[in-house]
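**Student:** So here's my_file.csv (CSV, C-alpha atoms).
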chain,number,residue,atom,x,y,z
A,23,ARG,CA,2.7,-6.5,1.0
A,24,PRO,CA,5.0,-4.8,1.7
A,25,ASP,CA,5.8,-2.5,-1.2
A,26,GLN,CA,3.8,0.6,-2.2
A,27,THR,CA,3.3,-0.7,-5.7
A,28,GLU,CA,0.0,-2.6,-6.0
A,29,SER,CA,0.2,-6.0,-7.7
A,30,SER,CA,-1.2,-6.3,-11.3
A,31,SER,CA,-2.8,-9.7,-10.4
A,32,THR,CA,-6.1,-10.5,-8.6
A,33,ILE,CA,-6.5,-13.5,-6.2
A,34,GLU,CA,-8.3,-16.7,-7.2
A,35,ILE,CA,-12.1,-16.9,-7.2
A,36,GLY,CA,-13.4,-17.8,-3.7
A,37,SER,CA,-10.1,-17.3,-1.9
A,38,ILE,CA,-9.5,-14.7,0.9
A,39,GLN,CA,-6.2,-13.0,1.5
A,40,ILE,CA,-5.4,-11.1,4.7
A,41,GLU,CA,-2.4,-8.7,4.6
A,42,SER,CA,-1.6,-7.2,8.0
A,43,GLY,CA,1.3,-5.6,9.7
A,44,VAL,CA,2.8,-2.9,12.0
A,45,LEU,CA,4.0,0.4,10.5
A,46,ILE,CA,6.0,3.1,12.2
A,47,ILE,CA,6.4,6.5,10.6
A,48,GLU,CA,8.6,9.3,11.8
A,49,ASN,CA,8.3,12.9,10.6
A,50,ASP,CA,11.0,15.0,12.4
A,51,SER,CA,9.7,18.3,11.0
A,52,HIS,CA,6.4,17.8,12.9
A,53,ARG,CA,8.0,16.0,15.9
A,54,GLU,CA,5.4,13.3,15.5
A,55,LYS,CA,5.4,9.5,15.3
A,56,ASN,CA,2.6,7.5,13.7
A,57,LEU,CA,2.2,3.9,14.8
A,58,TYR,CA,-0.2,1.8,12.8
A,59,LEU,CA,-1.1,-1.4,14.7
A,60,PRO,CA,-2.5,-3.1,12.8
A,61,THR,CA,-2.9,-2.0,9.2
A,62,THR,CA,-5.0,-4.7,7.6
A,63,LEU,CA,-6.2,-5.3,4.0
A,64,PHE,CA,-8.8,-7.9,3.3
A,65,ARG,CA,-9.0,-9.3,-0.3
A,66,LEU,CA,-11.8,-11.5,-1.6
A,67,GLY,CA,-11.7,-13.2,-5.0
A,68,LEU,CA,-15.2,-12.6,-6.5
A,69,THR,CA,-14.2,-13.9,-9.9
A,70,ASN,CA,-10.9,-14.8,-11.6
A,71,THR,CA,-10.6,-11.2,-12.7
A,72,ILE,CA,-12.3,-9.2,-9.9
A,73,GLU,CA,-11.5,-8.9,-6.2
A,74,LEU,CA,-13.2,-7.0,-3.4
A,75,ARG,CA,-10.9,-5.1,-1.0
A,76,VAL,CA,-11.4,-3.6,2.5
A,77,LEU,CA,-8.7,-1.7,4.2
A,78,ASN,CA,-8.8,-0.5,7.9
A,79,GLU,CA,-6.0,0.8,10.1
A,80,PHE,CA,-5.7,1.5,13.8
A,81,GLU,CA,-3.4,4.4,14.4
A,82,TYR,CA,-1.5,5.9,17.4
A,83,LYS,CA,-0.4,9.5,17.0
A,84,ILE,CA,2.6,10.1,19.4
A,85,TYR,CA,3.6,13.6,20.2
A,86,GLU,CA,6.2,14.9,22.6
A,87,THR,CA,3.8,15.4,25.5
A,88,HIS,CA,0.8,13.1,24.7
A,89,SER,CA,-0.6,10.6,22.3
A,90,ILE,CA,-4.0,9.8,20.8
A,91,ASN,CA,-5.3,6.7,19.0
A,92,GLY,CA,-8.2,5.5,16.9
A,93,PHE,CA,-9.3,3.9,13.6
A,94,ASN,CA,-8.7,5.7,10.3
A,95,ASP,CA,-11.3,6.2,7.6
A,96,LEU,CA,-12.5,2.9,6.1
A,97,GLU,CA,-11.6,2.1,2.5
A,98,ILE,CA,-13.6,-0.2,0.3
A,99,GLY,CA,-12.7,-1.0,-3.3
A,100,VAL,CA,-12.2,-3.4,-6.2
A,101,LYS,CA,-9.4,-4.5,-8.4
A,102,LEU,CA,-10.1,-5.5,-12.0
A,103,GLN,CA,-7.8,-7.7,-14.0
A,104,LEU,CA,-7.5,-6.1,-17.5
A,105,LEU,CA,-4.7,-8.2,-19.1
A,106,GLN,CA,-3.2,-11.5,-18.1
A,107,LYS,CA,-2.1,-14.0,-20.7
A,108,GLU,CA,0.4,-16.8,-20.6
A,109,ASP,CA,2.0,-15.7,-23.9
A,110,VAL,CA,2.2,-12.0,-22.9
A,111,ALA,CA,4.9,-10.8,-20.5
A,112,THR,CA,2.8,-7.8,-19.4
A,113,GLU,CA,0.0,-7.8,-16.8
A,114,LEU,CA,-2.4,-4.9,-16.3
A,115,ALA,CA,-5.0,-4.2,-13.7
A,116,PHE,CA,-7.1,-1.2,-12.4
A,117,LEU,CA,-7.7,-0.6,-8.7
A,118,SER,CA,-10.2,1.9,-7.2
A,119,HIS,CA,-11.0,2.5,-3.5
A,120,VAL,CA,-13.6,4.7,-2.0
A,121,VAL,CA,-12.6,6.4,1.3
A,122,LEU,CA,-15.5,6.7,3.7
A,123,PRO,CA,-15.2,9.4,6.5
A,124,THR,CA,-15.9,6.9,9.3
A,125,ALA,CA,-13.2,7.9,11.7
A,126,SER,CA,-13.2,10.5,14.5
A,127,GLN,CA,-12.1,14.1,13.7
A,128,PHE,CA,-8.5,13.5,14.8
A,129,PHE,CA,-8.0,10.6,12.2
A,130,SER,CA,-10.4,11.5,9.4
A,131,GLU,CA,-10.2,13.5,6.2
A,132,GLU,CA,-13.9,14.3,7.1
A,133,LYS,CA,-14.8,14.0,3.4
A,134,PHE,CA,-15.3,11.3,0.8
A,135,GLY,CA,-12.4,10.4,-1.4
A,136,VAL,CA,-11.4,8.1,-4.2
A,137,ILE,CA,-8.1,6.3,-4.7
A,138,ASN,CA,-7.3,5.1,-8.3
A,139,LYS,CA,-4.3,3.2,-9.6
A,140,LEU,CA,-3.3,1.6,-12.9
A,141,CYS,CA,-1.2,-1.4,-12.0
A,142,VAL,CA,1.4,-2.8,-14.5
A,143,SER,CA,4.0,-5.5,-14.3
A,144,HIS,CA,6.5,-7.0,-16.7
A,145,GLU,CA,8.5,-10.2,-16.6
A,146,SER,CA,12.2,-9.6,-17.6
A,147,ASN,CA,13.7,-13.0,-16.7
A,148,GLY,CA,13.3,-15.7,-14.1
A,149,ASN,CA,15.0,-13.7,-11.3
A,150,ILE,CA,13.9,-10.1,-11.9
A,151,GLY,CA,10.5,-8.5,-12.1
A,152,VAL,CA,9.4,-5.0,-12.7
A,153,GLY,CA,6.1,-3.3,-11.7
A,154,TYR,CA,4.8,0.2,-11.5
A,155,ASN,CA,1.7,2.2,-10.7
A,156,VAL,CA,0.3,5.5,-11.7
A,157,GLY,CA,-2.7,7.0,-10.0
A,158,TYR,CA,-4.9,9.9,-9.0
A,159,ASN,CA,-6.4,10.4,-5.5
A,160,TYR,CA,-9.3,12.8,-5.1
A,161,TYR,CA,-11.0,14.2,-2.0
A,162,GLU,CA,-13.9,16.6,-1.9
A,163,ASN,CA,-13.0,20.3,-2.2
A,164,ARG,CA,-9.4,19.5,-3.2
A,165,THR,CA,-7.5,19.5,-6.5
A,166,GLY,CA,-6.3,15.9,-5.9
A,167,ASP,CA,-2.9,14.1,-5.8
A,168,PHE,CA,-1.0,12.4,-8.6
A,169,THR,CA,0.8,9.2,-7.3
A,170,TYR,CA,3.5,7.0,-8.8
A,171,SER,CA,5.7,4.1,-7.9
A,172,PHE,CA,8.2,1.8,-9.6
A,173,VAL,CA,9.4,-1.5,-8.0
A,174,LEU,CA,12.3,-3.7,-9.0
A,175,GLY,CA,12.0,-7.2,-7.5
A,176,PHE,CA,14.8,-9.8,-7.1
A,177,GLU,CA,14.3,-13.5,-6.5
A,178,ILE,CA,17.2,-14.6,-4.1
A,179,THR,CA,15.9,-18.1,-3.5
A,180,ASN,CA,12.6,-19.9,-4.0
A,181,LYS,CA,11.4,-18.5,-0.7
A,182,LEU,CA,13.3,-15.2,-0.3
A,183,ASN,CA,12.8,-12.1,-2.3
A,184,ALA,CA,14.0,-8.5,-2.1
A,185,TYR,CA,12.9,-5.3,-3.8
A,186,LEU,CA,13.9,-1.6,-4.3
A,187,GLU,CA,11.2,1.0,-4.9
A,188,PRO,CA,11.1,4.7,-5.6
A,189,TYR,CA,7.7,6.2,-5.1
A,190,GLY,CA,5.9,9.5,-4.3
A,191,GLU,CA,3.1,11.9,-5.0
A,192,ILE,CA,2.4,15.4,-6.3
A,193,VAL,CA,0.2,16.9,-3.6
A,194,ASP,CA,-2.7,19.0,-5.0
A,195,LEU,CA,-0.8,18.7,-8.4
A,196,GLU,CA,1.7,21.3,-7.0
A,197,ARG,CA,4.1,20.0,-4.4
A,198,SER,CA,6.3,16.9,-5.0
A,199,MET,CA,7.1,14.5,-2.2
A,200,SER,CA,9.5,11.7,-3.3
A,201,ASN,CA,10.6,8.7,-1.3
A,202,ILE,CA,12.5,5.4,-1.7
A,203,ASN,CA,12.1,2.1,0.2
A,204,MET,CA,13.4,-1.4,0.1
A,205,GLY,CA,12.4,-4.7,1.8
A,206,ILE,CA,12.4,-8.5,1.8
A,207,THR,CA,9.7,-11.2,1.8
A,208,TYR,CA,10.0,-14.8,3.0
A,209,LEU,CA,7.5,-17.5,2.0
A,210,LEU,CA,7.0,-19.4,5.2
A,211,GLN,CA,4.5,-21.8,3.6
A,212,ASP,CA,2.7,-21.8,0.3
A,213,ASN,CA,0.0,-19.5,1.7
A,214,ILE,CA,1.9,-17.6,4.3
A,215,GLN,CA,4.4,-14.8,3.6
A,216,LEU,CA,6.4,-12.7,6.1
A,217,ASP,CA,7.9,-9.3,5.2
A,218,TYR,CA,10.1,-6.5,6.4
A,219,SER,CA,10.6,-3.1,4.8
A,220,PHE,CA,12.0,0.4,5.5
A,221,GLY,CA,12.2,3.7,3.6
A,222,THR,CA,13.0,7.4,3.7
A,223,GLY,CA,12.1,10.7,2.1
A,224,ILE,CA,14.2,12.0,-0.7
A,225,ASN,CA,13.1,15.7,-0.8
A,226,HIS,CA,11.5,15.9,2.7
A,227,THR,CA,12.0,14.6,6.2
A,228,PHE,CA,10.4,11.2,6.5
A,229,ASN,CA,11.2,7.6,7.4
A,230,PHE,CA,9.3,4.4,8.1
A,231,MET,CA,9.8,0.8,9.1
A,232,SER,CA,7.2,-2.1,8.7
A,233,ILE,CA,6.9,-5.8,9.5
A,234,GLY,CA,4.0,-7.9,8.5
A,235,CYS,CA,2.4,-11.1,7.3
A,236,SER,CA,0.1,-12.2,4.4
A,237,LEU,CA,-2.2,-15.2,4.7
A,238,GLN,CA,-4.2,-16.7,1.9
A,239,ILE,CA,-7.2,-18.9,2.7
A,240,PHE,CA,-8.6,-21.1,-0.1
Turn this file's structure into C-alpha cells for me.

**Tutor:**
Amino acid sequence: RPDQTESSSTIEIGSIQIESGVLIIENDSHREKNLYLPTTLFRLGLTNTIELRVLNEFEYKIYETHSINGFNDLEIGVKLQLLQKEDVATELAFLSHVVLPTASQFFSEEKFGVINKLCVSHESNGNIGVGYNVGYNYYENRTGDFTYSFVLGFEITNKLNAYLEPYGEIVDLERSMSNINMGITYLLQDNIQLDYSFGTGINHTFNFMSIGCSLQIF
C-alpha cells in the first residue's frame, strides 16, 4: 500500500502481511460512487522468494436514489522474486492473480480472469526510489487489458515517505484510460505503516481517495 505499483520484493518466509484500507471512488460521468470498506490483501511468505496472496473487497455502490453492497470477486495469486542481489541496484518480480467469480451478479465479472504484472524497481540514491509495472489482464471472452504504472518515491524522514505515480490501462487493447495519484506513508512502528493517497483521471472523469494500514506479523 498505497500506490498502484506492486513492489518488486516478497515478504520474509513464515511472515504474514495484512494490507487493508478504505477506498472512495467517484465517477461523475456515471453519477456513481464506489466505497470499498474494507479492501484487504493478505500476503504469506512461503519461501524467501515466493509469497501467497489473497485479495478480497467489500464494496458499496452508491447511486443518486439507492445503494447496494456486497463482496467483489475473490483473487488468489502468487508473487515470485526473480532478481534480488545486494550488489545489483535492480529488483525484479512476477505477480499473477486468478480472479474467481465468487460475487453476486451486481459485483462480479461472472467469468474467470487472470491478472499478471512484471514488477521492477531501481535504487537511484538514498532518498529516491523508482519502480514500475507492466501487465496484462485477461477475462474470458474479452481481448484483455494492458496495464502500466510508474512510481517515484521520496524519503522525507526515516518514517515519512511520499510518492508520485502516473498509471493506467488500455482497455481491450483499444481505449486508453490514464490517471495520476500521489500519497504519503508513515511508519508508526517497525511492522505497522499508515498511508493516505488520492488521485484523478487525466483523460477521463475519475477521482479517488484512500486511507489504510499495513501490518506485518512475524

**Student:** Quick check, in Å to one decimal: how far apart do atom CA of Asn180 of chain A and atom CA of Asn149 of chain A lie?

**Tutor:**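 Computing it gives 9.9 Å between the two atoms.
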
**Student:** Kindly give the distance, in Å, that separates atom CA of Leu57 of chain A and atom CA of Glu81 of chain A, rounded to a single decimal.

**Tutor:**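 Distance between the two atoms: 5.6 Å.
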
**Student:** Could you pull the residues within 6 Å of Gly205 of chain A, counting only C-alpha atoms, minus those fewer than 5 positions along the same chain, as a list of chain:residue names?

**Tutor:** A:Ala184, A:Tyr185, A:Tyr218, A:Ser219

**Student:** Between atom CA of Glu177 of chain A and atom CA of Asp217 of chain A, what is the distance in Å, rounded to a tenth?

**Tutor:** 14.0 Å

**Student:** I want to know what sits within 8 Å of Gly234 of chain A, based on all atoms listed in the file, with residues of the same chain fewer than 2 positions away left out; could you give that as a list in words?

**Tutor:** Arg23, Pro24, Glu41, Ser42, Gly43, Val44, Leu216, Asp217, Tyr218, Ser232 and Ser236 of chain A

**Student:** Any idea what's packed within 12 Å of Tyr158 of chain A, counting all atoms listed in the file, ignoring anything in its chain fewer than 2 positions away? Could you give it as an MDAnalysis selection string?

**Tutor:** chainID A and resid 116:119 135:140 155:156 160:161 165:170 190:195

**Student:** So, with all atoms listed in the file as the atoms that count, which of A:Ser31, A:Ser171, A:Thr87, A:Asn201 lies closest to Gln103 of chain A?

**Tutor:**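 Closest residue, counting all atoms listed in the file: A:Ser31.
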
**Student:** So that I can see what lies close to Phe128 of chain A, please list as a compact mmCIF listing (two decimals) with C-alpha atoms, in the coordinates of the input the residues with an atom at most 10 Å from it, counting all atoms listed in the file and leaving out residues fewer than 3 positions away in the same chain.

**Tutor:**
# COMPACT_ATOMS: atom_id res chain seq x y z
CA LYS A 83 -0.40 9.50 17.00
CA ILE A 90 -4.00 9.80 20.80
CA ASN A 91 -5.30 6.70 19.00
CA GLY A 92 -8.20 5.50 16.90
CA PHE A 93 -9.30 3.90 13.60
CA ASN A 94 -8.70 5.70 10.30
CA ALA A 125 -13.20 7.90 11.70
CA GLU A 131 -10.20 13.50 6.20
CA GLU A 132 -13.90 14.30 7.10

**Student:** In terms of the shortest atom-to-atom distance over only C-alpha atoms, which of A:Ile202, A:Val120, A:Val76, A:Leu105 is closest to Thr27 of chain A?

**Tutor:**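 Counting only C-alpha atoms, the residue closest to Thr27 of chain A is A:Ile202.
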
**Student:** With only C-alpha atoms as the atoms that count, which of A:Ala111, A:Leu74, A:Pro60, A:Asp50 lies nearest to Glu97 of chain A?

**Tutor:**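 Result for the nearest residue to Glu97 of chain A: A:Leu74.
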
**Student:** Show which residues sit within 9 Å of Thr69 of chain A, as a list in words. Count all atoms listed in the file, and ignore same-chain residues fewer than 6 positions away.

**Tutor:**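 Here the qualifying residues turn out to be Thr32, Ile33, Glu34, Ile35 and Gly36 of chain A.
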
**Student:** Of the residues A:Leu104, A:Asn213, A:Leu186, A:Gly157, which is the one nearest to Ile239 of chain A, using all atoms listed in the file?

**Tutor:**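 Using all atoms listed in the file, the shortest distance to Ile239 of chain A belongs to A:Asn213.
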
**Student:** Nearest to Thr112 of chain A among A:Ser146, A:Thr222, A:Thr124, A:Ser89, with distances taken over all atoms listed in the file: which residue is it?

**Tutor:**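 Under the stated criterion, the closest residue is A:Ser146.
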
**Student:** Go through A:Ser37, A:Gln127, A:Val121, A:Leu114 and flag the residue nearest Gly153 of chain A, using only C-alpha atoms for the distances.

**Tutor:**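 Closest residue, counting only C-alpha atoms: A:Leu114.
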